[in-house]
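What follows is run.tsv (TSV, C-alpha atoms (C1' of nucleotides)).
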chain	number	residue	atom	x	y	z
N	1334	MET	CA	-33.82	31.78	79.92
N	1335	THR	CA	-34.81	28.68	81.77
N	1336	ALA	CA	-33.01	25.56	82.90
N	1337	PHE	CA	-34.61	23.59	80.12
N	1338	HIS	CA	-33.65	26.22	77.59
N	1339	ARG	CA	-30.04	26.13	78.75
N	1340	ARG	CA	-30.05	22.33	78.78
N	1341	VAL	CA	-31.19	22.19	75.19
N	1342	ILE	CA	-28.49	24.61	74.13
N	1343	GLN	CA	-25.90	22.48	75.87
N	1344	ALA	CA	-27.17	19.34	74.18
N	1345	VAL	CA	-26.91	21.01	70.77
N	1346	ARG	CA	-23.39	22.16	71.51
N	1347	GLN	CA	-22.48	18.58	72.36
N	1348	ILE	CA	-23.23	17.47	68.84
N	1349	PRO	CA	-19.90	16.50	67.27
N	1350	PRO	CA	-18.95	18.00	63.87
N	1351	GLY	CA	-20.03	15.98	60.89
N	1352	ARG	CA	-23.01	14.67	62.78
N	1353	VAL	CA	-26.62	15.66	63.06
N	1354	ALA	CA	-29.30	15.20	65.70
N	1355	THR	CA	-33.06	15.39	65.56
N	1356	TYR	CA	-35.20	17.63	67.72
N	1357	GLY	CA	-36.39	14.52	69.50
N	1358	ASP	CA	-32.84	13.53	70.37
N	1359	ILE	CA	-32.11	17.00	71.68
N	1360	ALA	CA	-35.24	16.86	73.76
N	1361	VAL	CA	-34.12	13.54	75.23
N	1362	LEU	CA	-30.70	14.93	76.01
N	1363	ALA	CA	-32.38	17.90	77.60
N	1364	GLY	CA	-34.28	15.51	79.82
N	1365	HIS	CA	-37.67	16.01	78.20
N	1366	PRO	CA	-38.16	13.41	75.47
N	1367	ARG	CA	-41.58	14.85	74.75
N	1368	ALA	CA	-40.44	18.41	74.50
N	1369	TRP	CA	-39.18	18.44	70.93
N	1370	ARG	CA	-41.84	21.07	70.42
N	1371	ALA	CA	-40.22	23.38	72.88
N	1372	VAL	CA	-36.85	22.49	71.40
N	1373	GLY	CA	-37.99	23.96	68.12
N	1374	ASN	CA	-39.10	27.09	69.91
N	1375	ILE	CA	-35.82	27.40	71.73
N	1376	MET	CA	-33.86	26.82	68.55
N	1377	ARG	CA	-35.83	29.61	66.99
N	1378	ASP	CA	-34.59	31.83	69.77
N	1379	CYS	CA	-31.13	30.32	69.36
N	1380	ASP	CA	-29.38	33.10	71.23
N	1381	GLU	CA	-26.35	31.23	72.42
N	1382	PRO	CA	-23.49	31.73	69.96
N	1383	GLY	CA	-21.42	28.69	69.09
N	1384	THR	CA	-24.55	26.62	69.04
N	1385	PRO	CA	-24.58	24.53	65.85
N	1386	CYS	CA	-28.34	24.78	65.50
N	1387	HIS	CA	-27.82	23.85	61.86
N	1388	ARG	CA	-26.91	20.36	63.03
N	1389	VAL	CA	-30.34	19.99	64.50
N	1390	ILE	CA	-32.67	18.61	61.88
N	1391	GLY	CA	-36.09	17.05	61.82
N	1392	ALA	CA	-36.93	13.38	62.00
N	1393	GLY	CA	-36.36	11.29	58.90
N	1394	GLY	CA	-33.59	13.64	57.87
N	1395	ALA	CA	-35.81	16.62	57.17
N	1396	LEU	CA	-33.84	19.83	57.50
N	1397	GLY	CA	-36.74	21.49	59.25
N	1398	GLY	CA	-35.98	25.19	59.10
N	1399	TYR	CA	-33.36	27.80	59.82
N	1400	GLY	CA	-34.96	31.14	60.20
N	1401	GLY	CA	-36.17	30.57	56.71
N	1402	SER	CA	-32.67	30.27	55.28
N	1403	LEU	CA	-32.77	26.58	54.48
N	1404	HIS	CA	-30.23	27.30	51.79
N	1405	LEU	CA	-27.70	28.43	54.38
N	1406	LYS	CA	-28.40	25.44	56.60
N	1407	ARG	CA	-27.94	23.08	53.69
N	1408	GLU	CA	-24.62	24.70	52.85
N	1409	LEU	CA	-23.45	24.49	56.45
N	1410	LEU	CA	-24.30	20.81	56.68
N	1411	ARG	CA	-22.62	20.15	53.38
N	1412	ALA	CA	-19.55	22.01	54.67
N	1413	GLU	CA	-19.49	19.56	57.56
N	1414	GLY	CA	-19.18	16.76	55.08
N	1415	ILE	CA	-22.81	15.80	55.22
N	1416	ASP	CA	-24.60	14.99	52.00
N	1417	VAL	CA	-27.77	16.96	51.84
N	1418	GLY	CA	-30.44	16.42	49.25
N	1419	MET	CA	-33.02	18.97	48.28
N	1420	ARG	CA	-34.96	18.63	51.49
N	1421	ARG	CA	-33.46	15.68	53.29
N	1422	VAL	CA	-30.09	14.54	54.55
N	1423	ARG	CA	-28.46	11.59	52.83
N	1424	GLY	CA	-27.07	8.92	55.13
N	1425	PHE	CA	-29.01	10.52	57.89
N	1426	ALA	CA	-29.28	7.18	59.67
N	1427	THR	CA	-25.49	6.99	59.69
N	1428	LEU	CA	-24.85	10.60	60.61
N	1429	ARG	CA	-27.53	10.73	63.24
N	1430	TRP	CA	-26.01	11.44	66.63
N	1431	THR	CA	-28.30	10.44	69.45
N	1432	GLY	CA	-25.79	11.38	72.10
N	1433	VAL	CA	-25.42	7.71	72.97
N	1434	LYS	CA	-21.72	7.45	72.44
N	1435	LYS	CA	-20.27	4.06	73.19
N	1436	ALA	CA	-19.62	5.37	76.69
N	1437	LYS	CA	-16.80	3.06	77.57
N	1438	SER	CA	-16.88	4.29	81.12
N	1439	PRO	CA	-15.01	2.00	83.53
N	1440	SER	CA	-17.94	1.94	85.85
N	1441	SER	CA	-20.82	0.21	84.17
N	1442	ARG	CA	-23.43	2.39	85.67
N	1443	ARG	CA	-26.48	0.41	84.60
N	1444	ARG	CA	-29.53	2.11	85.84
F	961	DG	C1'	-53.44	31.76	84.36
F	962	DC	C1'	-55.57	30.86	79.68
F	963	DA	C1'	-55.08	30.77	74.76
F	964	DT	C1'	-52.09	30.70	70.69
F	965	DT	C1'	-48.04	29.51	68.32
F	966	DG	C1'	-43.87	26.84	66.73
F	967	DA	C1'	-37.21	25.29	63.28
F	968	DC	C1'	-41.88	18.69	65.49
F	969	DT	C1'	-43.37	13.58	65.10
F	970	DA	C1'	-46.09	9.68	63.95
F	971	DG	C1'	-49.91	7.69	61.59
F	972	DG	C1'	-53.53	7.47	57.99
F	973	DG	C1'	-55.42	8.56	53.24
O	792	DG	C1'	-44.24	9.50	47.91
O	793	DC	C1'	-46.95	13.61	49.40
O	794	DC	C1'	-50.73	15.88	52.17
O	795	DC	C1'	-53.64	16.16	56.29
O	796	DT	C1'	-54.82	15.28	61.18
O	797	DA	C1'	-53.96	14.49	66.05
O	798	DG	C1'	-50.82	14.77	70.08
O	799	DC	C1'	-47.51	16.97	72.70
O	800	DC	C1'	-44.32	20.50	75.57
O	801	DA	C1'	-42.56	25.00	76.48
O	802	DA	C1'	-42.47	29.91	75.56
O	803	DT	C1'	-44.93	34.12	74.56
O	804	DG	C1'	-48.92	37.41	74.40
In structure tokens, what does this structure look like?
Amino acid sequence: MTAFHRRVIQAVRQIPPGRVATYGDIAVLAGHPRAWRAVGNIMRDCDEPGTPCHRVIGAGGALGGYGGSLHLKRELLRAEGIDVGMRRVRGFATLRWTGVKKAKSPSSRRR
DNA sequence: GCATTGACTAGGG
DNA sequence: GCCCTAGCCAATG
């Protein structure tokens, strides 16, 4: 268990229901935009319960994998109200959650 | 510490 | 539209 590992888990848990995020997005949220590779590894370990790892899909809407149970993942996503094709998510561009919520914070903290 | 792997991504054929 | 190759980061052996 490392800080990065934990950070990734947290990012995944922040994904709102009915939305999906790509490994790249999770990596960005974790603070390592180039670590989507590790994200996949961590997801594979997916120890933390309550972590909607099924909401984490590949780029372009590819489901990616789910311990080999793509069927289950597809069902879960569909249960969330997400249209899932045979191997890709429909409306992925619309359902994609990059973690960049409008952020209407009073303080415009521009970098 | 080095080498291999992995639920990846982007580009070319 | 599908298949292959190259690049990348972190974890594991």
Select residues of chain F: the criterion is any atom within 9 Å of an atom of chain N, counting all atoms listed in the file; output as a CSV table (one decimal) with C-alpha atoms (C1' of nucleotides), keeping the file's coordinate frame.
chain,number,residue,atom,x,y,z
F,966,DG,C1',-43.9,26.8,66.7
F,967,DA,C1',-37.2,25.3,63.3
F,968,DC,C1',-41.9,18.7,65.5
F,969,DT,C1',-43.4,13.6,65.1
Go through chain O and flag each residue having an atom no more than 7 Å from chain N; for those, report the closest pair of atoms plus their distance in Å to one decimal, using all atoms listed in the file, ordered by chain and rising number, as a tab-separated table.
residue	atom	partner	partner_atom	distance
O:DC799	C1'	N:Arg1367	CA	6.6
O:DC800	C1'	N:Ala1368	CA	4.5
O:DA801	C1'	N:Ala1371	CA	4.6
For the residues in that selection, give me C-alpha atoms (C1' of nucleotides) as a compact mmCIF listing (two decimals), keeping the file's coordinate frame.
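Writing done, so here's result_13.txt:
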# COMPACT_ATOMS: atom_id res chain seq x y z
C1' DC O 799 -47.51 16.97 72.70
C1' DC O 800 -44.32 20.50 75.57
C1' DA O 801 -42.56 25.00 76.48
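With atom CA of N:Leu1362 on one side and atom CA of N:Gly1432 on the other, the separation reads 7.2 Å.
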*Using all atoms listed in the file, give me every residue within 10 Å of (-51.4, 37.4, 74.5) in file coordinates, as a list in words.*
DC962, DA963 and DT964 of chain F; DT803 and DG804 of chain O
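Using only C-alpha atoms for every distance, the candidate list N:Ala1363, N:Val1341, N:Arg1407, N:Ile1415 yields N:Ile1415 as the residue closest to N:Arg1429.
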Restricting to only C-alpha atoms, whichever of N:Ala1354, N:Val1361, N:Ala1395, N:Ala1344 is closest to N:Met1419 is N:Ala1395
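Neighbours of N:Phe1425 closer than or equal to 9 Å, with all atoms listed in the file counted and sequence neighbours fewer than 3 positions away skipped, come out as Arg1352, Val1353, Gly1393, Gly1394, Ile1415, Asp1416, Val1417, Arg1421, Val1422, Leu1428 and Arg1429 of chain N.
Note that atom CA of N:Thr1427 and atom CA of N:Ser1402 are 24.8 Å apart.
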